[in-house]
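Q: Contents of my_file_8.tsv (TSV, C-alpha atoms):
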chain	number	residue	atom	x	y	z
U	1165	MET	CA	45.52	-44.07	-31.02
U	1166	SER	CA	44.03	-43.64	-34.40
U	1167	PRO	CA	46.33	-42.25	-37.09
U	1168	THR	CA	45.88	-38.61	-37.96
U	1169	PRO	CA	43.82	-38.39	-41.18
U	1170	ARG	CA	45.80	-37.20	-44.18
U	1171	SER	CA	44.48	-33.95	-45.54
U	1172	THR	CA	43.20	-34.04	-49.11
U	1173	SER	CA	43.53	-30.26	-49.51
U	1174	PRO	CA	46.38	-28.93	-51.68
U	1175	ASP	CA	49.49	-27.87	-49.80
U	1176	PRO	CA	49.50	-24.07	-50.04
U	1177	ALA	CA	53.30	-24.22	-50.18
U	1178	ASP	CA	53.30	-26.61	-53.14
U	1179	PRO	CA	54.35	-24.65	-56.29
U	1180	ALA	CA	52.40	-27.05	-58.51
U	1181	ALA	CA	49.25	-26.51	-56.48
U	1182	GLN	CA	49.75	-22.76	-56.58
U	1183	ALA	CA	50.22	-22.85	-60.34
U	1184	ALA	CA	47.05	-24.94	-60.74
U	1185	ASP	CA	45.08	-22.48	-58.60
U	1186	THR	CA	46.39	-19.57	-60.66
U	1187	THR	CA	45.47	-21.32	-63.91
U	1188	ASP	CA	41.97	-22.09	-62.63
U	1189	ALA	CA	41.47	-18.47	-61.60
U	1190	THR	CA	42.74	-17.21	-64.95
U	1191	ASP	CA	40.48	-19.60	-66.86
U	1192	ALA	CA	37.48	-18.55	-64.76
U	1193	ALA	CA	38.17	-14.86	-65.38
U	1194	HIS	CA	38.60	-15.54	-69.10
U	1195	ALA	CA	35.29	-17.43	-69.24
U	1196	ALA	CA	33.48	-14.69	-67.34
U	1197	GLU	CA	34.77	-12.02	-69.73
U	1198	LEU	CA	33.71	-14.10	-72.73
U	1199	ALA	CA	30.24	-14.47	-71.25
U	1200	ARG	CA	29.93	-10.70	-70.86
U	1201	THR	CA	31.06	-10.19	-74.45
U	1202	ARG	CA	28.52	-12.72	-75.73
U	1203	GLU	CA	25.74	-11.03	-73.80
U	1204	PHE	CA	26.68	-7.60	-75.12
U	1205	PHE	CA	26.80	-8.59	-78.79
U	1206	ALA	CA	23.89	-11.04	-78.72
U	1207	ALA	CA	21.53	-8.23	-77.78
U	1208	ARG	CA	22.83	-6.01	-80.58
U	1209	ALA	CA	23.37	-8.44	-83.46
U	1210	ALA	CA	20.19	-7.76	-85.41
U	1211	GLY	CA	20.72	-4.00	-85.60
U	1212	TRP	CA	24.51	-3.90	-85.66
U	1213	ASP	CA	25.05	-3.14	-89.36
U	1214	ALA	CA	22.43	-0.39	-89.35
U	1215	LYS	CA	24.50	1.51	-86.77
U	1216	PHE	CA	27.48	1.75	-89.13
U	1217	PRO	CA	26.10	2.16	-92.67
U	1218	ASP	CA	29.13	4.03	-94.05
U	1219	ASP	CA	31.94	1.68	-93.03
U	1220	GLY	CA	32.09	-0.32	-96.27
U	1221	PRO	CA	34.78	1.74	-98.07
U	1222	ARG	CA	36.99	1.70	-94.97
U	1223	PHE	CA	36.73	-2.07	-94.72
U	1224	ALA	CA	37.61	-2.29	-98.42
U	1225	ALA	CA	40.71	-0.12	-97.93
U	1226	ALA	CA	41.86	-2.24	-94.98
U	1227	ILE	CA	41.32	-5.48	-96.87
U	1228	ALA	CA	43.29	-4.11	-99.83
U	1229	GLU	CA	46.28	-3.67	-97.48
U	1230	LEU	CA	46.29	-7.43	-96.86
U	1231	ALA	CA	47.34	-7.86	-100.51
U	1232	LEU	CA	45.28	-11.03	-100.89
U	1233	ARG	CA	45.66	-13.06	-104.08
U	1234	PRO	CA	43.32	-15.50	-105.81
U	1235	GLY	CA	43.59	-18.87	-104.09
U	1236	ASP	CA	44.69	-17.46	-100.71
U	1237	SER	CA	43.19	-18.52	-97.39
U	1238	VAL	CA	42.03	-15.78	-95.03
U	1239	LEU	CA	40.54	-15.74	-91.54
U	1240	ASP	CA	38.15	-13.01	-90.40
U	1241	ALA	CA	38.65	-13.25	-86.63
U	1242	GLY	CA	35.71	-11.80	-84.74
U	1243	CYS	CA	33.76	-11.56	-87.99
U	1244	GLY	CA	30.56	-10.38	-86.32
U	1245	THR	CA	27.75	-9.91	-88.83
U	1246	GLY	CA	30.16	-10.59	-91.68
U	1247	ARG	CA	30.63	-7.09	-93.05
U	1248	ALA	CA	34.06	-8.01	-94.44
U	1249	LEU	CA	33.21	-11.46	-95.77
U	1250	PRO	CA	32.01	-10.53	-99.31
U	1251	GLN	CA	35.09	-8.37	-99.89
U	1252	LEU	CA	37.40	-11.08	-98.59
U	1253	ARG	CA	35.71	-13.62	-100.86
U	1254	ALA	CA	36.10	-11.31	-103.86
U	1255	ALA	CA	39.79	-10.87	-103.06
U	1256	VAL	CA	40.64	-14.60	-102.86
U	1257	GLY	CA	38.27	-15.69	-105.62
U	1258	PRO	CA	36.44	-18.98	-106.01
U	1259	THR	CA	39.60	-21.03	-105.43
U	1260	GLY	CA	40.43	-19.29	-102.16
U	1261	GLN	CA	39.18	-20.02	-98.66
U	1262	VAL	CA	37.42	-17.61	-96.31
U	1263	PHE	CA	36.74	-18.49	-92.68
U	1264	GLY	CA	34.85	-16.33	-90.22
U	1265	ALA	CA	35.10	-16.97	-86.48
U	1266	ASP	CA	33.03	-15.30	-83.81
U	1267	LEU	CA	32.14	-15.88	-80.18
U	1268	THR	CA	28.46	-14.96	-80.51
U	1269	SER	CA	26.00	-17.27	-82.24
U	1270	GLU	CA	23.58	-14.41	-82.91
U	1271	MET	CA	26.28	-12.52	-84.80
U	1272	LEU	CA	27.13	-15.61	-86.85
U	1273	ALA	CA	23.45	-16.12	-87.65
U	1274	GLU	CA	23.34	-12.59	-89.07
U	1275	ALA	CA	26.51	-13.26	-91.08
U	1276	GLY	CA	25.11	-16.47	-92.50
U	1277	SER	CA	21.80	-14.94	-93.51
U	1278	ARG	CA	23.27	-11.73	-94.93
U	1279	HIS	CA	26.19	-13.31	-96.81
U	1280	PRO	CA	25.31	-16.93	-97.56
U	1281	GLY	CA	28.01	-19.05	-99.14
U	1282	THR	CA	30.82	-16.54	-98.74
U	1283	ALA	CA	32.67	-18.21	-95.85
U	1284	VAL	CA	32.94	-21.13	-93.47
U	1285	LEU	CA	31.56	-19.79	-90.19
U	1286	LEU	CA	32.89	-21.01	-86.84
U	1287	LEU	CA	31.49	-20.40	-83.36
U	1288	ALA	CA	34.77	-20.08	-81.46
U	1289	ASP	CA	36.84	-18.14	-78.96
U	1290	CYS	CA	39.57	-16.39	-80.95
U	1291	ALA	CA	42.10	-17.47	-78.33
U	1292	ARG	CA	41.23	-21.15	-78.95
U	1293	LEU	CA	40.52	-21.63	-82.62
U	1294	PRO	CA	39.55	-25.08	-83.96
U	1295	LEU	CA	41.87	-24.65	-86.93
U	1296	ALA	CA	45.08	-26.25	-88.17
U	1297	ASP	CA	48.54	-24.76	-87.76
U	1298	ALA	CA	49.88	-22.58	-90.59
U	1299	ALA	CA	46.58	-22.66	-92.48
U	1300	PHE	CA	46.13	-19.00	-93.48
U	1301	ASP	CA	47.81	-16.41	-95.67
U	1302	ALA	CA	46.15	-13.53	-93.82
U	1303	VAL	CA	44.13	-12.71	-90.72
U	1304	LEU	CA	41.74	-9.77	-90.42
U	1305	ALA	CA	40.68	-8.70	-86.92
U	1306	ALA	CA	38.24	-5.81	-87.25
U	1307	GLY	CA	37.11	-4.06	-84.08
U	1308	LEU	CA	38.27	-7.04	-82.07
U	1309	ILE	CA	41.33	-6.48	-79.94
U	1310	SER	CA	39.68	-4.22	-77.36
U	1311	HIS	CA	37.07	-6.92	-76.66
U	1312	LEU	CA	39.57	-9.70	-75.94
U	1313	PRO	CA	40.06	-10.87	-72.33
U	1314	ASP	CA	43.74	-11.55	-73.07
U	1315	PRO	CA	44.92	-10.00	-76.35
U	1316	ALA	CA	48.28	-11.80	-76.17
U	1317	LEU	CA	46.55	-15.21	-76.18
U	1318	ALA	CA	44.57	-14.34	-79.29
U	1319	LEU	CA	47.53	-12.81	-81.12
U	1320	ARG	CA	49.58	-15.91	-80.37
U	1321	GLU	CA	46.72	-18.05	-81.65
U	1322	PHE	CA	46.54	-15.99	-84.85
U	1323	ALA	CA	50.27	-16.61	-85.28
U	1324	ARG	CA	49.72	-20.35	-84.82
U	1325	VAL	CA	47.15	-20.57	-87.62
U	1326	ALA	CA	49.08	-18.20	-89.94
U	1327	ARG	CA	51.83	-19.20	-92.33
U	1328	PRO	CA	55.26	-17.55	-92.03
U	1329	GLY	CA	55.03	-14.22	-93.82
U	1330	ALA	CA	51.24	-14.06	-93.48
U	1331	ARG	CA	49.73	-10.64	-92.86
U	1332	LEU	CA	47.62	-9.54	-89.91
U	1333	ALA	CA	45.38	-6.47	-90.04
U	1334	LEU	CA	44.09	-5.02	-86.77
U	1335	PHE	CA	41.43	-2.66	-88.04
U	1336	TYR	CA	38.83	-0.22	-86.74
U	1337	PRO	CA	36.73	1.96	-89.07
U	1338	ILE	CA	37.39	4.85	-86.68
U	1339	GLY	CA	40.56	6.17	-85.08
U	1340	ARG	CA	41.50	5.77	-81.43
U	1341	ALA	CA	40.84	9.37	-80.41
U	1342	ALA	CA	37.53	9.55	-82.26
U	1343	LEU	CA	36.39	6.24	-80.75
U	1344	ALA	CA	37.32	7.38	-77.26
U	1345	ALA	CA	35.42	10.63	-77.76
U	1346	ARG	CA	32.38	8.68	-79.01
U	1347	HIS	CA	32.33	6.84	-75.68
U	1348	GLY	CA	33.04	9.93	-73.59
U	1349	ARG	CA	36.60	8.92	-72.73
U	1350	THR	CA	40.08	10.28	-73.32
U	1351	LEU	CA	43.10	8.34	-74.55
U	1352	THR	CA	45.48	7.04	-71.90
U	1353	PRO	CA	49.16	6.05	-72.22
U	1354	ASP	CA	48.32	2.39	-71.58
U	1355	ASP	CA	46.02	2.12	-74.62
U	1356	LEU	CA	46.92	-1.24	-76.13
U	1357	ARG	CA	46.57	-0.01	-79.71
U	1358	ALA	CA	49.10	2.81	-79.30
U	1359	GLU	CA	52.08	1.90	-81.44
U	1360	GLN	CA	54.56	1.96	-78.55
U	1361	ASN	CA	52.43	-0.61	-76.71
U	1362	LEU	CA	51.34	-2.69	-79.67
U	1363	ARG	CA	54.77	-3.22	-81.22
U	1364	PRO	CA	56.29	-5.19	-78.29
U	1365	LEU	CA	53.07	-7.13	-77.78
U	1366	LEU	CA	53.08	-8.24	-81.41
U	1367	ALA	CA	56.78	-9.11	-81.26
U	1368	ALA	CA	56.17	-11.32	-78.21
U	1369	THR	CA	53.36	-13.19	-79.92
U	1370	GLY	CA	54.92	-13.99	-83.28
U	1371	TRP	CA	54.34	-10.84	-85.32
U	1372	HIS	CA	56.39	-7.94	-86.69
U	1373	LEU	CA	54.58	-4.61	-86.88
U	1374	VAL	CA	54.93	-3.19	-90.39
U	1375	SER	CA	52.86	-0.02	-90.08
U	1376	CYS	CA	50.35	1.68	-87.82
U	1377	THR	CA	47.92	4.27	-89.15
U	1378	ASP	CA	45.64	6.14	-86.76
U	1379	THR	CA	43.43	8.89	-88.17
U	1380	ASP	CA	39.92	10.03	-87.31
U	1381	GLU	CA	38.62	7.85	-90.16
U	1382	GLN	CA	40.36	4.57	-89.33
U	1383	TYR	CA	42.86	2.65	-87.28
U	1384	LEU	CA	44.93	0.06	-89.10
U	1385	ALA	CA	47.92	-1.84	-87.75
U	1386	LEU	CA	49.54	-4.18	-90.25
U	1387	ALA	CA	51.89	-6.94	-89.13
U	1388	GLU	CA	53.65	-9.94	-90.63
U	1389	ARG	CA	54.04	-13.32	-89.02
U	1390	THR	CA	57.66	-13.92	-88.16
U	1391	PRO	CA	59.31	-17.17	-89.35
U	1392	ALA	CA	59.24	-18.76	-85.91
U	1393	ALA	CA	56.29	-17.70	-83.78
U	1394	PRO	CA	56.24	-18.46	-80.05
U	1395	ALA	CA	54.68	-21.80	-79.15
U	1396	HIS	CA	50.97	-21.65	-78.41
U	1397	SER	CA	49.99	-22.21	-74.80
Go ahead and render the structure in this file as structure tokens.

A:
Amino acid sequence: MSPTPRSTSPDPADPAAQAADTTDATDAAHAAELARTREFFAARAAGWDAKFPDDGPRFAAAIAELALRPGDSVLDAGCGTGRALPQLRAAVGPTGQVFGADLTSEMLAEAGSRHPGTAVLLLADCARLPLADAAFDAVLAAGLISHLPDPALALREFARVARPGARLALFYPIGRAALAARHGRTLTPDDLRAEQNLRPLLAATGWHLVSCTDTDEQYLALAERTPAAPAHS
């Protein structure tokens, strides 16, 4: 009698196989969400700045809260068309470093053409940045967190590239309630940016929430990187 062929399929009872399947599914969902985000912003890149002509002073106020000094290094995560880049460059001066990272090549093309020479631009997923550990004194994430497939992954990645004591600004040039109304929605208790939800999320990813301001004109959560951030995974 011929021997029974050994199955090459994973044992469904094998914890390692189950973990691998879960990881694959998570990665696939992450990639699909990134693809949707790219598609959304690629189609809107050329006219994005024209939709928000009055946001400049609000960006300036948020950047001032980062307390940047000449010679500092700052990351604009999800930099889009680069609206913050000139102000970040002015804050850190010619001896400082400004990096802008975005998922959408069309947005980066707009940033490069509108603000040439102000920053090093990177085409990258904010949850997987091609940057060294402890490289930055500050991270600005403007209008970003609601577009992230897994905000905890990105916040942990920001902690990895930030120095202990570095500042993080999660900024929107419009408040939560006003933004929800703009899109015909109402605020819900599970809104990630609500202080009671954001504080524990930041604490779990290497940040300490310093303040959270939410008015009709802007949303700004400021945090500091704790001395020992959780390991990146």

Q: Can you list every residue of range 1187-1277 of chain U that has an atom at most 9 Å from range 1376-1388 of chain U, with its nearest atom pair and the distance in Å to one decimal, using only C-alpha atoms, ordered by chain then number, as a tab-separated table?

A:
residue	atom	partner	partner_atom	distance
U:Arg1222	CA	U:Gln1382	CA	7.2
U:Ala1226	CA	U:Leu1384	CA	7.0
U:Glu1229	CA	U:Leu1386	CA	7.9
U:Leu1230	CA	U:Leu1386	CA	8.1

Q: Could you please give me, as JSON, numbers by chain, the residues of protein, DNA or RNA lying at most 8 Å from (46.2, -15.9, -70.0) in the coordinate frame of the file, considering all atoms listed in the file?

A: {"U": [1190, 1191, 1194, 1314, 1316, 1317]}

Q: Quick one: of U:Ala1228, U:Ala1207, U:Leu1362, U:Ala1333, who's nearest to Gly1307 in chain U, counting all atoms listed in the file?

A: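 That would be U:Ala1333, the residue with the smallest distance to Gly1307 in chain U.
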
Q: What's the separation between CA of Thr1282 in chain U and CA of Ala1323 in chain U, in Å to one decimal place?

A: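 Straight-line distance from CA of Thr1282 in chain U to CA of Ala1323 in chain U works out to 23.7 Å.
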
Q: Hey, can you pull every residue with an atom no more than 10 Å from (52.8, -4.5, -83.8), using all atoms listed in the file, and send it as a ChimeraX atom specification?

A: /U:1332-1334,1357-1376,1385-1388

Q: Leu1232 in chain U: which residues within 12 Å, counting all atoms listed in the file, same-chain residues fewer than 2 positions away excluded, as a VMD selection string?

A: chain U and resid 1224 1226 to 1230 1234 to 1239 1251 to 1257 1260 to 1262 1300 to 1304 1330 to 1333

Q: Write out the residues from the selection above, keeping C-alpha atoms, as a PDB file, in the frame of the given file.

A:
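The resulting again_33.pdb:
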ATOM      1  CA  ALA U1224      37.610  -2.290 -98.420  1.00  0.00           C
ATOM      2  CA  ALA U1226      41.860  -2.240 -94.980  1.00  0.00           C
ATOM      3  CA  ILE U1227      41.320  -5.480 -96.870  1.00  0.00           C
ATOM      4  CA  ALA U1228      43.290  -4.110 -99.830  1.00  0.00           C
ATOM      5  CA  GLU U1229      46.280  -3.670 -97.480  1.00  0.00           C
ATOM      6  CA  LEU U1230      46.290  -7.430 -96.860  1.00  0.00           C
ATOM      7  CA  PRO U1234      43.320 -15.500-105.810  1.00  0.00           C
ATOM      8  CA  GLY U1235      43.590 -18.870-104.090  1.00  0.00           C
ATOM      9  CA  ASP U1236      44.690 -17.460-100.710  1.00  0.00           C
ATOM     10  CA  SER U1237      43.190 -18.520 -97.390  1.00  0.00           C
ATOM     11  CA  VAL U1238      42.030 -15.780 -95.030  1.00  0.00           C
ATOM     12  CA  LEU U1239      40.540 -15.740 -91.540  1.00  0.00           C
ATOM     13  CA  GLN U1251      35.090  -8.370 -99.890  1.00  0.00           C
ATOM     14  CA  LEU U1252      37.400 -11.080 -98.590  1.00  0.00           C
ATOM     15  CA  ARG U1253      35.710 -13.620-100.860  1.00  0.00           C
ATOM     16  CA  ALA U1254      36.100 -11.310-103.860  1.00  0.00           C
ATOM     17  CA  ALA U1255      39.790 -10.870-103.060  1.00  0.00           C
ATOM     18  CA  VAL U1256      40.640 -14.600-102.860  1.00  0.00           C
ATOM     19  CA  GLY U1257      38.270 -15.690-105.620  1.00  0.00           C
ATOM     20  CA  GLY U1260      40.430 -19.290-102.160  1.00  0.00           C
ATOM     21  CA  GLN U1261      39.180 -20.020 -98.660  1.00  0.00           C
ATOM     22  CA  VAL U1262      37.420 -17.610 -96.310  1.00  0.00           C
ATOM     23  CA  PHE U1300      46.130 -19.000 -93.480  1.00  0.00           C
ATOM     24  CA  ASP U1301      47.810 -16.410 -95.670  1.00  0.00           C
ATOM     25  CA  ALA U1302      46.150 -13.530 -93.820  1.00  0.00           C
ATOM     26  CA  VAL U1303      44.130 -12.710 -90.720  1.00  0.00           C
ATOM     27  CA  LEU U1304      41.740  -9.770 -90.420  1.00  0.00           C
ATOM     28  CA  ALA U1330      51.240 -14.060 -93.480  1.00  0.00           C
ATOM     29  CA  ARG U1331      49.730 -10.640 -92.860  1.00  0.00           C
ATOM     30  CA  LEU U1332      47.620  -9.540 -89.910  1.00  0.00           C
ATOM     31  CA  ALA U1333      45.380  -6.470 -90.040  1.00  0.00           C
TER      32      ALA U1333
END
